[in-house]
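Okay, structure first, notes after.
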Amino acid sequence: MSPDTTKTAIVTGAARGIGAGIAVRLAADGFDVAVVDLDEGATAETVAAVEAEGRKGLGVGLDVSDAESVEAGVARIAAELGAPTVLVNNAGITRDNLLFKMSVEDWDQVLGVHLRGSFLMSRAAQAFMVERRWGRIVNLSSTSALGNRGQANYSTAKAGLQGFTRTLAVELGSFGITVNAIAPGFIVTAMTEATAERMGMDFVEFQKQAAAHNPVRRVGEPADIAQAVSFFVDERSGFVNGQILYVSGGPTV
Ligand code: NAP
């Protein structure tokens with residue numbers, strides 16, 4: 001890709017949390033950013049933060065697990081912001097429960113957003129990347145992919161994303177497109193706050209406990225994940241493909 005080409009990125013689930021952090025970092029790196037989330041109205045704050053970095057931001061409401069919604073949303077992004085060459089599949093949900101209490105709906109919803117969602121978004125976006133012979137896809141896995149009590153659905157989805165990542169890396173590499181995944185550990189967001197609430201724990205205490213068991217003695221922030229995304233999407237990272245990077249402070253002790 002020539003240096004003067006406009007760079008357009010899509011970040012899903014970017015109204016808040018890790019996605020918002022990634023969107024702002026990519027803007028700082030010189031990308032116009034489509035801020036995708038379920039509710040377009042909820043994207044306003046992130047769009048303003050992207051624009052504060054001097055880039056264009058476009059809030060787009062779409063459901064990543066719905067094929068029609070994805071096709072229409074990605075077409076709108078291409079028309080209004082530019083052909084996307086970077087996609088970060090970040091949208092996610094949890095519906096935790098022990099296996100014997102897990103409903104079919106909770107299983108289907110979690111796999112739907114993470115797996116079906118990443119599949120649909122990647123399929124729609126890759127067409128623009130193949131045409132440009134350049135692209136970057138980054139998927140959000142999790143340390144939960146290694147197994148986590150109460151998360152059979154989420155763990156399965158996050159492990160599945162690792163296979164998805166390696167397979168797309170093989171299929172798309174010859175078009176100048178790299179596909180990598182980041183597996184975060186504990187990151188302070190609404191998602192971990194909801195986990196604390198479900199466990200009946202104060203969120204600050206929950207963070208303290210997580211930090212005490214972490215080799216670097218702290219929990220993560222969205223900026224920690226955005227840093228890894230920035231590396232993967234960099235022009236100079238073109239030989240880094242099909243990798244799963246754990247960004248978690250190190251193995252749990
Ligand atoms: P979050 O604060 O809950 O944000 C997730 C965002 O995704 C929300 O704005 C949510 O919208 C949106 N979303 C949910 N379903 C969607 C759909 N079908 N289509 C479009 N957008 C949708 O979560 P987070 O902690 O930032 O997590 C971001 C990603 O990192 C997720 O994939 C998560 O699994 C992964 N991750 C997080 C952690 C952590 O410790 N936080 C650790 C490992 C991996 P609504 O608010 O409308 O639901």
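Order determines the names: the first chain of the structure tokens is A, the second B, and so forth; residues in each chain are numbered 1 upward, and ligands are numbered 1 upward as they are shown.
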(message) Around ligand 1, which protein and nucleic acid residues have at least one atom no more than 7 Å from it, if we count only C-alpha atoms and all ligand atoms? List them as an MDAnalysis selection string.
(response) chainID A and resid 12:19 36:39 62:65 90:93 113:114 117 140:143 183:192
(request) Between A:Ser248, A:Gln227, A:Ala27, A:Gln243, single out the one closest to His213 (chain A), counting only C-alpha atoms. (result) A:Ser248
(request) Go ahead and compute the interatomic distance for CA of Gly163 (chain A) and CA of Ala181 (chain A), in Å to one decimal. (result) 9.9 Å
(request) Rounded to one decimal place, report the CA of Gly250 (chain A)-CA of Leu168 (chain A) distance in Å. (result) 26.6 Å
(request) Please provide the set of residues having any atom within 12 Å of Lys101 (chain A), restricted to only C-alpha atoms, with same-chain residues fewer than 3 positions apart removed, written as a PyMOL selection string. (result) chain A and resi 95-98+104-107+150-153
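Our summary of the geometry notes that CA of Ser118 (chain A) is positioned 15.0 Å from CA of Thr178 (chain A).
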(message) Give me the residues near Ile10 (chain A) as a ChimeraX atom specification, where near means some atom within 7 Å (using only C-alpha atoms) and where sequence neighbours in that chain fewer than 3 positions away do not count.
(response) /A:33-35,84,86-88
